[in-house]
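Source file: start_7.txt. Holds: compact mmCIF, C-alpha atoms and all ligand atoms.
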# COMPACT_ATOMS: atom_id res chain seq x y z
CA SER B 1 16.04 -4.33 -22.42
CA LYS B 2 18.54 -6.09 -20.21
CA GLY B 3 21.14 -3.37 -20.84
CA THR B 4 24.45 -4.54 -19.46
CA TYR B 5 22.86 -7.37 -17.47
CA ASP B 6 23.06 -11.06 -18.38
CA SER B 7 19.56 -11.66 -17.10
CA TYR B 8 16.37 -9.79 -16.38
CA MET B 9 16.19 -11.38 -12.94
CA LEU B 10 19.37 -9.70 -11.72
CA LYS B 11 18.39 -6.40 -13.33
CA GLU B 12 14.99 -6.53 -11.65
CA ILE B 13 16.54 -7.32 -8.25
CA ASP B 14 18.80 -4.31 -8.67
CA GLU B 15 15.90 -2.06 -9.60
CA GLN B 16 14.19 -2.55 -6.26
CA PRO B 17 15.42 0.62 -4.53
CA ALA B 18 14.21 2.66 -7.52
CA VAL B 19 10.86 0.86 -7.46
CA LEU B 20 10.24 1.85 -3.84
CA ARG B 21 11.13 5.46 -4.62
CA ARG B 22 8.81 5.46 -7.62
CA ILE B 23 5.95 4.11 -5.52
CA SER B 24 6.43 6.86 -2.92
CA GLU B 25 6.51 9.46 -5.64
CA TYR B 26 3.38 8.13 -7.28
CA TYR B 27 1.31 7.68 -4.14
CA TYR B 28 2.52 10.61 -2.06
CA SER B 29 3.85 13.52 -4.04
CA SER B 30 1.11 14.28 -6.49
CA GLU B 31 -1.50 17.00 -6.39
CA GLN B 32 -4.33 14.54 -6.67
CA ASP B 33 -4.71 11.63 -4.28
CA LYS B 34 -4.23 8.36 -6.11
CA LEU B 35 -6.66 6.57 -3.84
CA ALA B 36 -10.18 7.42 -4.93
CA PRO B 37 -12.37 8.60 -2.03
CA GLN B 38 -14.97 6.06 -3.11
CA LEU B 39 -12.39 3.25 -2.72
CA LEU B 40 -11.57 4.37 0.81
CA ASP B 41 -15.28 4.67 1.61
CA ASP B 42 -15.91 1.12 0.48
CA LEU B 43 -12.91 -0.12 2.44
CA GLN B 44 -14.10 1.71 5.52
CA LYS B 45 -17.49 0.01 5.29
CA ALA B 46 -15.93 -3.44 5.11
CA ASP B 47 -15.77 -5.66 8.16
CA ARG B 48 -13.13 -7.98 6.69
CA LEU B 49 -10.60 -7.97 3.87
CA TYR B 50 -10.06 -11.02 1.70
CA ILE B 51 -6.74 -10.92 -0.10
CA VAL B 52 -6.77 -13.39 -2.99
CA ALA B 53 -3.60 -14.30 -4.88
CA ALA B 54 -1.21 -17.03 -6.07
CA GLY B 55 2.49 -17.80 -5.66
CA THR B 56 4.68 -14.87 -4.76
CA SER B 57 1.70 -12.52 -4.75
CA TYR B 58 0.08 -14.71 -2.11
CA HIS B 59 3.25 -14.41 -0.05
CA ALA B 60 3.07 -10.61 -0.33
CA GLY B 61 -0.53 -10.86 0.87
CA LEU B 62 0.63 -12.68 3.99
CA VAL B 63 2.89 -9.75 4.82
CA ALA B 64 0.08 -7.27 4.16
CA ARG B 65 -2.26 -8.97 6.60
CA GLN B 66 -0.49 -7.55 9.63
CA LEU B 67 -0.28 -4.10 8.04
CA PHE B 68 -4.04 -3.93 7.45
CA GLU B 69 -4.91 -5.47 10.78
CA GLU B 70 -2.70 -3.15 12.81
CA LEU B 71 -2.75 0.09 10.82
CA ALA B 72 -6.39 -0.06 9.70
CA ASP B 73 -7.86 -2.20 12.46
CA ILE B 74 -9.64 -4.64 10.17
CA PRO B 75 -9.50 -8.47 10.17
CA VAL B 76 -7.86 -9.98 7.11
CA GLU B 77 -7.90 -13.38 5.45
CA VAL B 78 -5.28 -14.21 2.86
CA GLN B 79 -6.45 -16.88 0.44
CA LEU B 80 -4.93 -18.90 -2.36
CA ALA B 81 -6.98 -18.17 -5.45
CA SER B 82 -6.86 -21.78 -6.62
CA GLU B 83 -8.40 -22.98 -3.35
CA PHE B 84 -10.76 -20.14 -2.62
CA GLY B 85 -12.62 -20.45 -5.90
CA TYR B 86 -13.71 -23.99 -5.15
CA HIS B 87 -13.91 -23.96 -1.38
CA MET B 88 -15.23 -20.54 -0.51
CA PRO B 89 -15.16 -20.02 3.26
CA LYS B 90 -18.13 -18.56 5.06
CA LEU B 91 -17.76 -14.86 4.35
CA SER B 92 -18.25 -12.00 6.78
CA ALA B 93 -21.29 -9.73 6.42
CA HIS B 94 -19.40 -6.98 4.53
CA PRO B 95 -16.39 -8.43 2.78
CA PHE B 96 -14.01 -6.44 0.58
CA PHE B 97 -11.86 -8.33 -1.91
CA ILE B 98 -8.30 -7.43 -2.87
CA PHE B 99 -6.76 -9.26 -5.83
CA LEU B 100 -2.99 -9.14 -5.84
CA SER B 101 -1.40 -10.03 -9.15
CA GLN B 102 1.75 -8.90 -10.87
CA SER B 103 0.46 -9.81 -14.33
CA GLY B 104 -3.24 -9.25 -13.75
CA GLU B 105 -3.89 -12.33 -15.87
CA THR B 106 -3.71 -15.25 -13.43
CA ALA B 107 -6.62 -17.54 -14.28
CA ASP B 108 -7.12 -18.76 -10.71
CA SER B 109 -7.59 -15.20 -9.49
CA ARG B 110 -9.80 -14.25 -12.45
CA GLN B 111 -12.11 -17.10 -11.63
CA VAL B 112 -12.52 -15.86 -8.04
CA LEU B 113 -13.06 -12.28 -9.21
CA ASP B 114 -15.86 -13.51 -11.48
CA GLN B 115 -17.54 -15.26 -8.60
CA VAL B 116 -17.39 -12.38 -6.14
CA ARG B 117 -18.52 -9.85 -8.73
CA HIS B 118 -21.64 -11.92 -9.23
CA LEU B 119 -22.20 -11.69 -5.49
CA ASN B 120 -21.88 -7.89 -5.79
CA TYR B 121 -19.00 -7.48 -3.35
CA PRO B 122 -16.56 -4.57 -3.78
CA THR B 123 -13.28 -5.54 -5.47
CA LEU B 124 -9.85 -3.99 -5.92
CA THR B 125 -7.02 -5.29 -8.09
CA ILE B 126 -3.46 -4.30 -7.23
CA THR B 127 -1.35 -5.09 -10.26
CA ASN B 128 1.72 -4.18 -12.25
CA VAL B 129 -0.20 -4.21 -15.53
CA ILE B 130 -2.81 -1.50 -15.38
CA ASN B 131 -4.75 -2.59 -18.47
CA SER B 132 -4.76 -6.28 -17.52
CA THR B 133 -7.92 -8.36 -17.25
CA LEU B 134 -8.01 -8.35 -13.44
CA ALA B 135 -7.53 -4.57 -13.40
CA ARG B 136 -10.31 -4.01 -15.93
CA GLU B 137 -12.76 -6.38 -14.33
CA ALA B 138 -12.45 -5.23 -10.72
CA GLU B 139 -14.30 -2.19 -9.49
CA TYR B 140 -11.08 -0.45 -8.46
CA SER B 141 -7.46 -0.88 -9.45
CA LEU B 142 -4.12 0.40 -8.20
CA PRO B 143 -0.76 0.18 -9.97
CA LEU B 144 2.37 -1.39 -8.51
CA CYS B 145 4.63 1.03 -10.42
CA ALA B 146 7.34 -1.66 -10.56
CA GLY B 147 7.99 -1.30 -14.31
CA PRO B 148 7.80 -4.36 -16.58
CA GLU B 149 8.85 -7.57 -14.83
CA VAL B 150 10.21 -9.97 -17.44
CA ALA B 151 11.96 -12.74 -15.47
CA VAL B 152 9.58 -15.55 -14.55
CA ALA B 153 10.69 -15.31 -10.93
CA SER B 154 8.91 -12.38 -9.36
CA THR B 155 11.19 -10.09 -7.35
CA LYS B 156 10.47 -6.40 -7.62
CA ALA B 157 6.71 -6.98 -7.87
CA TYR B 158 6.80 -8.67 -4.46
CA ILE B 159 8.30 -5.67 -2.69
CA ALA B 160 6.03 -3.34 -4.67
CA GLN B 161 2.98 -5.30 -3.51
CA ILE B 162 4.03 -4.95 0.11
CA ALA B 163 4.77 -1.24 -0.28
CA VAL B 164 1.50 -0.37 -2.03
CA GLN B 165 -0.52 -2.29 0.54
CA ALA B 166 1.34 -0.55 3.36
CA ILE B 167 0.35 2.80 1.86
CA LEU B 168 -3.25 1.69 1.42
CA ALA B 169 -3.44 0.25 4.95
CA GLN B 170 -2.10 3.45 6.41
CA LYS B 171 -4.40 5.74 4.44
CA LEU B 172 -7.36 3.63 5.49
CA GLY B 173 -6.17 3.71 9.11
CA LEU B 174 -5.77 7.51 9.05
CA ARG B 175 -9.30 7.87 7.76
CA LYS B 176 -10.53 5.56 10.52
CA LYS B 177 -8.45 7.53 13.04
CA ILE B 178 -6.46 4.50 14.14
CA ALA B 179 -3.52 5.61 16.29
CA ALA B 180 -1.11 3.04 14.83
CA ALA B 181 -1.61 4.59 11.38
CA SER B 182 -0.58 8.06 12.50
CA GLU B 183 2.41 6.69 14.40
CA LEU B 184 4.04 5.12 11.33
CA ASP B 185 5.69 7.23 8.63
CA VAL B 186 5.31 4.87 5.68
CA ALA B 187 6.96 7.23 3.19
CA GLN B 188 10.02 7.49 5.42
CA GLN B 189 10.09 3.70 5.90
CA LEU B 190 10.05 3.14 2.14
CA GLY B 191 13.02 5.49 1.83
CA LEU B 192 14.90 3.57 4.52
CA ALA B 193 14.00 0.30 2.81
CA ALA B 194 15.34 1.57 -0.52
CA ASN B 195 18.68 2.43 1.11
CA ALA B 196 18.81 -0.88 2.96
CA ILE B 197 18.17 -2.85 -0.25
CA GLN B 198 20.89 -0.87 -2.00
CA THR B 199 23.33 -1.94 0.71
CA ILE B 200 22.42 -5.58 0.11
CA VAL B 201 22.67 -5.50 -3.68
CA ASP B 202 26.05 -3.79 -3.29
CA GLN B 203 27.34 -6.96 -1.56
CA LYS B 204 26.95 -9.22 -4.59
CA ASP B 205 30.34 -10.88 -4.31
CA TYR B 206 29.61 -11.94 -0.77
CA LEU B 207 26.11 -13.18 -1.65
CA GLU B 208 27.51 -15.14 -4.57
CA GLN B 209 30.03 -16.74 -2.23
CA LEU B 210 27.31 -17.64 0.29
CA SER B 211 25.21 -19.16 -2.53
CA HIS B 212 28.17 -21.28 -3.55
CA ASP B 213 28.99 -22.36 0.01
CA TYR B 214 25.43 -23.11 1.11
CA PHE B 215 23.24 -24.12 -1.81
CA ALA B 216 24.98 -24.90 -5.07
CA GLN B 217 25.90 -28.50 -4.17
CA GLN B 218 22.78 -29.29 -2.15
CA ASN B 219 19.56 -31.08 -3.01
CA ALA B 220 17.50 -29.51 -0.27
CA ALA B 221 17.40 -26.36 1.84
CA PHE B 222 15.19 -25.03 4.61
CA PHE B 223 14.16 -21.49 5.48
CA ILE B 224 12.71 -20.73 8.90
CA GLY B 225 11.29 -17.73 10.69
CA ARG B 226 8.40 -16.53 12.81
CA GLY B 227 5.75 -13.94 12.05
CA ASN B 228 6.92 -11.94 9.08
CA GLY B 229 10.09 -14.02 9.11
CA TYR B 230 7.91 -17.02 8.32
CA ALA B 231 6.21 -15.17 5.46
CA VAL B 232 9.65 -14.30 4.07
CA ALA B 233 10.84 -17.88 4.58
CA ILE B 234 8.19 -19.36 2.30
CA GLU B 235 8.84 -16.75 -0.38
CA ALA B 236 12.60 -17.37 -0.11
CA ALA B 237 12.00 -21.10 -0.55
CA LEU B 238 9.82 -20.53 -3.62
CA LYS B 239 12.53 -18.40 -5.23
CA LEU B 240 15.20 -21.04 -4.64
CA LYS B 241 12.97 -23.82 -5.98
CA GLU B 242 11.83 -22.13 -9.12
CA VAL B 243 15.13 -20.86 -10.49
CA SER B 244 17.82 -23.06 -8.92
CA TYR B 245 15.78 -26.31 -8.73
CA VAL B 246 17.04 -26.96 -5.22
CA HIS B 247 14.20 -28.46 -3.21
CA ALA B 248 13.46 -25.85 -0.60
CA GLU B 249 10.82 -25.45 2.07
CA GLY B 250 9.88 -22.57 4.31
CA PHE B 251 8.72 -23.41 7.82
CA ALA B 252 7.46 -21.62 10.86
CA ALA B 253 10.53 -21.99 13.09
CA GLY B 254 8.46 -23.38 15.95
CA GLU B 255 7.12 -26.18 13.73
CA LEU B 256 10.55 -27.71 13.05
CA LYS B 257 10.47 -29.82 16.19
CA HIS B 258 7.02 -31.12 15.24
CA GLY B 259 8.41 -33.16 12.38
CA THR B 260 10.61 -31.43 9.86
CA ILE B 261 13.72 -31.63 12.01
CA ALA B 262 13.90 -35.30 11.04
CA LEU B 263 15.12 -34.16 7.62
CA ILE B 264 18.18 -32.35 8.95
CA GLU B 265 21.41 -34.10 8.00
CA GLU B 266 25.06 -33.20 8.00
CA GLN B 267 25.42 -29.98 5.93
CA THR B 268 21.69 -29.42 5.24
CA PRO B 269 21.37 -25.67 4.71
CA VAL B 270 19.00 -23.94 7.13
CA VAL B 271 18.48 -20.21 6.69
CA ALA B 272 16.90 -18.43 9.65
CA PHE B 273 15.31 -14.98 9.52
CA ILE B 274 15.56 -13.06 12.80
CA LEU B 275 13.39 -10.03 12.18
CA GLU B 276 11.27 -9.49 15.28
CA GLN B 277 12.18 -8.74 18.84
CA SER B 278 9.41 -10.80 20.44
CA THR B 279 10.49 -14.11 18.88
CA ALA B 280 14.21 -13.66 18.23
CA ALA B 281 15.33 -15.75 21.20
CA HIS B 282 13.03 -18.62 20.30
CA THR B 283 14.15 -18.68 16.69
CA ARG B 284 17.79 -18.61 17.79
CA SER B 285 17.18 -21.65 19.95
CA ASN B 286 15.66 -23.42 16.93
CA VAL B 287 18.85 -22.59 15.05
CA LYS B 288 20.89 -24.22 17.84
CA GLU B 289 18.74 -27.34 17.63
CA VAL B 290 19.45 -27.84 13.93
CA LEU B 291 23.08 -26.83 14.31
CA SER B 292 23.61 -29.60 16.84
CA ARG B 293 22.18 -32.06 14.27
CA GLY B 294 24.71 -31.03 11.67
CA ALA B 295 22.85 -28.33 9.74
CA HIS B 296 24.78 -25.65 7.88
CA THR B 297 23.05 -22.62 9.34
CA LEU B 298 22.87 -19.14 7.87
CA ILE B 299 21.35 -16.34 9.94
CA ILE B 300 19.86 -13.22 8.39
CA SER B 301 19.12 -10.78 11.20
CA LYS B 302 18.13 -7.19 11.50
CA GLN B 303 20.72 -4.87 12.95
CA SER B 304 19.14 -4.29 16.36
CA LEU B 305 18.83 -8.07 16.92
CA ALA B 306 22.13 -9.09 15.32
CA GLN B 307 24.67 -11.21 17.15
CA GLU B 308 28.26 -11.97 16.44
CA GLY B 309 28.53 -14.73 13.89
CA ASP B 310 25.32 -13.89 11.98
CA GLN B 311 26.14 -14.29 8.31
CA LEU B 312 24.09 -11.35 7.09
CA VAL B 313 22.82 -8.27 8.90
CA VAL B 314 20.22 -6.02 7.31
CA ALA B 315 19.13 -2.53 8.37
CA ASP B 316 16.26 -2.00 10.78
CA LEU B 317 12.85 -0.90 9.59
CA ASP B 318 9.52 -0.99 11.34
CA GLU B 319 9.12 -4.73 12.00
CA ARG B 320 5.99 -4.93 9.89
CA LEU B 321 8.01 -3.85 6.87
CA MET B 322 11.14 -5.97 7.41
CA PRO B 323 10.18 -8.39 4.58
CA LEU B 324 10.91 -5.61 2.06
CA VAL B 325 14.57 -5.92 2.91
CA ALA B 326 14.92 -9.46 4.25
CA ILE B 327 13.77 -11.11 1.01
CA VAL B 328 16.52 -9.53 -1.09
CA PRO B 329 19.44 -11.75 0.00
CA ALA B 330 17.26 -14.78 -0.69
CA GLN B 331 16.44 -13.52 -4.19
CA LEU B 332 20.19 -13.29 -4.79
CA PHE B 333 20.78 -16.79 -3.37
CA ALA B 334 18.27 -18.13 -5.88
CA TYR B 335 19.88 -16.19 -8.71
CA TYR B 336 23.52 -17.13 -7.99
CA THR B 337 22.71 -20.75 -7.26
CA ALA B 338 20.84 -21.00 -10.57
CA VAL B 339 23.72 -19.40 -12.45
CA GLU B 340 26.27 -21.74 -10.86
CA ARG B 341 24.13 -24.73 -11.76
CA GLY B 342 23.83 -23.58 -15.36
CA ASN B 343 20.07 -22.95 -15.32
CA ASP B 344 18.20 -20.47 -17.44
CA VAL B 345 17.40 -17.98 -14.68
CA ASP B 346 14.88 -15.92 -16.61
CA GLN B 347 12.96 -18.85 -18.09
CA PRO B 348 13.07 -21.70 -15.58
CA ARG B 349 11.92 -25.07 -16.86
CA ASN B 350 8.18 -25.87 -16.86
CA LEU B 351 7.14 -22.32 -15.94
CA ALA B 352 5.41 -19.40 -17.65
CA LYS B 353 5.38 -15.76 -16.56
CA SER B 354 1.65 -15.65 -16.25
CA VAL B 355 -0.39 -18.72 -15.53
CA THR B 356 -3.54 -18.43 -17.61
CA VAL B 357 -4.97 -21.89 -16.96
CA GLU B 358 -6.73 -22.99 -13.78
O1 LIG X 1 0.98 -12.52 -12.00
P1 LIG X 1 0.67 -13.07 -10.62
O2 LIG X 1 1.23 -12.24 -9.54
O3 LIG X 1 -0.83 -13.27 -10.44
O4 LIG X 1 1.33 -14.47 -10.60
C1 LIG X 1 1.20 -15.33 -9.49
C2 LIG X 1 2.21 -16.44 -9.52
O5 LIG X 1 2.04 -17.21 -10.69
C3 LIG X 1 3.65 -15.91 -9.48
O6 LIG X 1 3.86 -15.09 -8.37
C4 LIG X 1 4.65 -17.06 -9.46
O7 LIG X 1 4.55 -17.74 -8.26
C5 LIG X 1 6.07 -16.51 -9.68
N1 LIG X 1 6.72 -17.20 -10.74
C6 LIG X 1 6.93 -16.60 -8.46
O8 LIG X 1 8.20 -16.09 -8.67
Render the structure in this file as structure tokens.
Ligand code: M6R
Amino acid sequence: SKGTYDSYMLKEIDEQPAVLRRISEYYYSSEQDKLAPQLLDDLQKADRLYIVAAGTSYHAGLVARQLFEELADIPVEVQLASEFGYHMPKLSAHPFFIFLSQSGETADSRQVLDQVRHLNYPTLTITNVINSTLAREAEYSLPLCAGPEVAVASTKAYIAQIAVQAILAQKLGLRKKIAAASELDVAQQLGLAANAIQTIVDQKDYLEQLSHDYFAQQNAAFFIGRGNGYAVAIEAALKLKEVSYVHAEGFAAGELKHGTIALIEEQTPVVAFILEQSTAAHTRSNVKEVLSRGAHTLIISKQSLAQEGDQLVVADLDERLMPLVAIVPAQLFAYYTAVERGNDVDQPRNLAKSVTVE
């Protein structure tokens, strides 16, 4: 139930620290390893991972790519289920397929799973619903442990998908003796992320005020970032679109000058994510460019890269895991903007929780 909450969406945003703790507990502190040795064997034999998903789950896949590539030293392609099914790329010699799906019922993903099962490739579903169709039909399945997600807008499942894939990537990397895997303490990072998210959800009044000042009266908003900041930007834009009905787009910060900057007008909101050392200066110069064209800029930076004047500073994690924390303010922007505009936040117009048609 919603308990004392007005909406499931806000309740589910607030549950995120507990979700990360539950995932750690489930995957780390049990007698029996939750990752079947056979699953790790099959992953180890693969020469490429194909992560197949839709919507927010696809965005979580984009974040996971770097985790698998760096921690487990394996190339990764992240594919939209609705495209992949009809335009299958040339596959590697030994592909391994990961289906990411909160509901486990997304028709686009089911269609791809059917196809690759007929080709006899190994498949894993990572889902929040352990008895769902995708979980039953894949060779392996792993739970997200996020608890039921009722609001149409996916929030806690997104961070759960990143966390579970981080754990999987690291365990695979340890088995393959990849140095990067032994250098990262994922369990500790998830604990830090839980605390950092708590700090953000404890600033609701401020986030509500920012939502009012930046988005509530606008027709359009832009989110920019590089690397993981770009992955977060497109998820942030999707959240704002689907519950607040503000037209929003996420862009790679470096692409702005290649066209999109033409859309910047007086007071257009532009949210920039500054989450990685190597690109922070470039993204800040993109912020200056839009500022000088009248944009209403909002900077979300991580502590070690923060500068005076940044509107929101979030705690540092390993850079590969920053999306766990950086997405949370954007989830709250979507929520408060929707509330101010009088929308039904849990059941946005035209949308269903699971999309069971192709
Ligand atoms: O259940 P799934 O994760 O397979 O669903 C995929 C998308 O339909 C879903 O993430 C959708 O984009 C959400 N409404 C986004 O908040």
Problem set entry | Environment of ligand LIG 1 (chain X) within 8 Å, counting all atoms listed in the file, reported as a list in words | Ala53, Ala54, Gly55, Thr56, Ser57, Tyr58, Leu100, Ser101, Gln102, Ser103, Gly104, Glu105, Thr106, Ser109, Thr127, Val152, Ala153, Ser154, Thr155, Ala157, Leu238, Lys239, Glu242, Leu351, Ala352, Lys353, Ser354 and Val355 of chain B
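Restricting the calculation to only C-alpha atoms, the smallest distance between Ala221 in chain B and any of B:Tyr8, B:Tyr28, B:Phe333, B:Tyr140 is found for B:Phe333.
CA of Leu49 in chain B to CA of Ala187 in chain B spans 23.2 Å [interatomic distance, one decimal].
Nearest residue to Pro122 in chain B among B:Ala160, B:Ala180, B:Leu39, B:Val271 is B:Leu39, counting all atoms listed in the file.
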Write out as an mmCIF file with C-alpha atoms, in the coordinates of the input each polymer residue whose atoms come within 9 Å of range 233-237 of chain B, counting all atoms listed in the file; drop sequence neighbours fewer than 4 positions from it.
data_model
loop_
_atom_site.group_PDB
_atom_site.id
_atom_site.type_symbol
_atom_site.label_atom_id
_atom_site.label_comp_id
_atom_site.auth_asym_id
_atom_site.auth_seq_id
_atom_site.Cartn_x
_atom_site.Cartn_y
_atom_site.Cartn_z
ATOM 1 C CA GLY B 55 2.490 -17.800 -5.660
ATOM 2 C CA THR B 56 4.680 -14.870 -4.760
ATOM 3 C CA HIS B 59 3.250 -14.410 -0.050
ATOM 4 C CA ALA B 60 3.070 -10.610 -0.330
ATOM 5 C CA ALA B 221 17.400 -26.360 1.840
ATOM 6 C CA PHE B 222 15.190 -25.030 4.610
ATOM 7 C CA PHE B 223 14.160 -21.490 5.480
ATOM 8 C CA ILE B 224 12.710 -20.730 8.900
ATOM 9 C CA GLY B 225 11.290 -17.730 10.690
ATOM 10 C CA ARG B 226 8.400 -16.530 12.810
ATOM 11 C CA ASN B 228 6.920 -11.940 9.080
ATOM 12 C CA GLY B 229 10.090 -14.020 9.110
ATOM 13 C CA LYS B 241 12.970 -23.820 -5.980
ATOM 14 C CA GLU B 242 11.830 -22.130 -9.120
ATOM 15 C CA HIS B 247 14.200 -28.460 -3.210
ATOM 16 C CA ALA B 248 13.460 -25.850 -0.600
ATOM 17 C CA GLU B 249 10.820 -25.450 2.070
ATOM 18 C CA GLY B 250 9.880 -22.570 4.310
ATOM 19 C CA PHE B 251 8.720 -23.410 7.820
ATOM 20 C CA ALA B 252 7.460 -21.620 10.860
ATOM 21 C CA VAL B 271 18.480 -20.210 6.690
ATOM 22 C CA ALA B 272 16.900 -18.430 9.650
ATOM 23 C CA PHE B 273 15.310 -14.980 9.520
ATOM 24 C CA ILE B 327 13.770 -11.110 1.010
ATOM 25 C CA VAL B 328 16.520 -9.530 -1.090
ATOM 26 C CA PRO B 329 19.440 -11.750 0.000
ATOM 27 C CA ALA B 330 17.260 -14.780 -0.690
ATOM 28 C CA GLN B 331 16.440 -13.520 -4.190
ATOM 29 C CA PHE B 333 20.780 -16.790 -3.370
ATOM 30 C CA ALA B 334 18.270 -18.130 -5.880
#
Problem set entry | Atomic separation - CA of Ala306 in chain B relative to CA of Glu289 in chain B, Å | 18.7 Å
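Minimum distance to Leu240 in chain B across B:Gly147, B:Gly254, B:Gly294, B:Pro348 (counting only C-alpha atoms) occurs at B:Pro348.
In this structure, CA of Gln311 in chain B sits 17.2 Å away from CA of Thr337 in chain B.
Shortest separation to Leu324 in chain B among B:Lys302, B:Lys204, B:Lys11, B:Arg341 occurs at residue B:Lys302, atoms counted being only C-alpha atoms.
If all atoms listed in the file are the atoms counted, then among B:Ala138, B:Ile23, B:Leu43, B:Ile126 the closest residue to His94 in chain B is B:Leu43.
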Problem set entry | Residue contacts of range 73-84 of chain B (8 Å, only C-alpha atoms) excluding same-chain residues fewer than 4 positions away, as an MDAnalysis selection string | chainID B and resid 47:54 58 61:62 65 68:69 88:89 108:109 112 173 178 358
Just the selected residues (C-alpha atoms), exported as a JSON list (two decimals), in the frame of the given file, please.
[["chain", "number", "residue", "atom", "x", "y", "z"],
["B", 47, "ASP", "CA", -15.77, -5.66, 8.16],
["B", 48, "ARG", "CA", -13.13, -7.98, 6.69],
["B", 49, "LEU", "CA", -10.60, -7.97, 3.87],
["B", 50, "TYR", "CA", -10.06, -11.02, 1.70],
["B", 51, "ILE", "CA", -6.74, -10.92, -0.10],
["B", 52, "VAL", "CA", -6.77, -13.39, -2.99],
["B", 53, "ALA", "CA", -3.60, -14.30, -4.88],
["B", 54, "ALA", "CA", -1.21, -17.03, -6.07],
["B", 58, "TYR", "CA", 0.08, -14.71, -2.11],
["B", 61, "GLY", "CA", -0.53, -10.86, 0.87],
["B", 62, "LEU", "CA", 0.63, -12.68, 3.99],
["B", 65, "ARG", "CA", -2.26, -8.97, 6.60],
["B", 68, "PHE", "CA", -4.04, -3.93, 7.45],
["B", 69, "GLU", "CA", -4.91, -5.47, 10.78],
["B", 88, "MET", "CA", -15.23, -20.54, -0.51],
["B", 89, "PRO", "CA", -15.16, -20.02, 3.26],
["B", 108, "ASP", "CA", -7.12, -18.76, -10.71],
["B", 109, "SER", "CA", -7.59, -15.20, -9.49],
["B", 112, "VAL", "CA", -12.52, -15.86, -8.04],
["B", 173, "GLY", "CA", -6.17, 3.71, 9.11],
["B", 178, "ILE", "CA", -6.46, 4.50, 14.14],
["B", 358, "GLU", "CA", -6.73, -22.99, -13.78]]
Problem set entry | Sel. within 10 Å of pt (22.2, -29.2, 9.9), counting only C-alpha atoms, output as number ranges by chain | B: 221-222, 261, 263-270, 287-297
Can you write out the residues you just picked, keeping C-alpha atoms, as a compact mmCIF listing (two decimals), keeping the file's coordinate frame?
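For reference, again_16.txt as written:
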# COMPACT_ATOMS: atom_id res chain seq x y z
CA ALA B 221 17.40 -26.36 1.84
CA PHE B 222 15.19 -25.03 4.61
CA ILE B 261 13.72 -31.63 12.01
CA LEU B 263 15.12 -34.16 7.62
CA ILE B 264 18.18 -32.35 8.95
CA GLU B 265 21.41 -34.10 8.00
CA GLU B 266 25.06 -33.20 8.00
CA GLN B 267 25.42 -29.98 5.93
CA THR B 268 21.69 -29.42 5.24
CA PRO B 269 21.37 -25.67 4.71
CA VAL B 270 19.00 -23.94 7.13
CA VAL B 287 18.85 -22.59 15.05
CA LYS B 288 20.89 -24.22 17.84
CA GLU B 289 18.74 -27.34 17.63
CA VAL B 290 19.45 -27.84 13.93
CA LEU B 291 23.08 -26.83 14.31
CA SER B 292 23.61 -29.60 16.84
CA ARG B 293 22.18 -32.06 14.27
CA GLY B 294 24.71 -31.03 11.67
CA ALA B 295 22.85 -28.33 9.74
CA HIS B 296 24.78 -25.65 7.88
CA THR B 297 23.05 -22.62 9.34
Exercise. From the set B:Gln347, B:Gln303, B:Thr123, B:Gln32, which residue has the shortest atom-to-atom contact distance to Tyr335 in chain B, counting only C-alpha atoms?
Worked result: B:Gln347
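The residue set within 10 Å of Gln189 in chain B, counting all atoms listed in the file and dropping same-chain residues fewer than 2 places from it, reads Leu20, Ala163, Leu184, Asp185, Val186, Ala187, Gly191, Leu192, Ala193, Ala194, Asn195, Asp316, Leu317, Asp318, Leu321 and Met322 of chain B.
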Exercise. What's the 10 Å shell around Leu10 in chain B, counting only C-alpha atoms, without same-chain residues fewer than 2 positions away, as a list in words?
Worked result: Lys2, Tyr5, Asp6, Ser7, Tyr8, Glu12, Ile13, Asp14, Glu15, Ala151, Thr155, Val201, Gln331, Leu332, Tyr335, Tyr336, Val345 and Asp346 of chain B
Convert the current residue selection to file output with C-alpha atoms, as a PDB file, in the coordinates of the input.
ATOM      1  CA  LYS B   2      18.540  -6.090 -20.210  1.00  0.00           C
ATOM      2  CA  TYR B   5      22.860  -7.370 -17.470  1.00  0.00           C
ATOM      3  CA  ASP B   6      23.060 -11.060 -18.380  1.00  0.00           C
ATOM      4  CA  SER B   7      19.560 -11.660 -17.100  1.00  0.00           C
ATOM      5  CA  TYR B   8      16.370  -9.790 -16.380  1.00  0.00           C
ATOM      6  CA  GLU B  12      14.990  -6.530 -11.650  1.00  0.00           C
ATOM      7  CA  ILE B  13      16.540  -7.320  -8.250  1.00  0.00           C
ATOM      8  CA  ASP B  14      18.800  -4.310  -8.670  1.00  0.00           C
ATOM      9  CA  GLU B  15      15.900  -2.060  -9.600  1.00  0.00           C
ATOM     10  CA  ALA B 151      11.960 -12.740 -15.470  1.00  0.00           C
ATOM     11  CA  THR B 155      11.190 -10.090  -7.350  1.00  0.00           C
ATOM     12  CA  VAL B 201      22.670  -5.500  -3.680  1.00  0.00           C
ATOM     13  CA  GLN B 331      16.440 -13.520  -4.190  1.00  0.00           C
ATOM     14  CA  LEU B 332      20.190 -13.290  -4.790  1.00  0.00           C
ATOM     15  CA  TYR B 335      19.880 -16.190  -8.710  1.00  0.00           C
ATOM     16  CA  TYR B 336      23.520 -17.130  -7.990  1.00  0.00           C
ATOM     17  CA  VAL B 345      17.400 -17.980 -14.680  1.00  0.00           C
ATOM     18  CA  ASP B 346      14.880 -15.920 -16.610  1.00  0.00           C
TER      19      ASP B 346
END
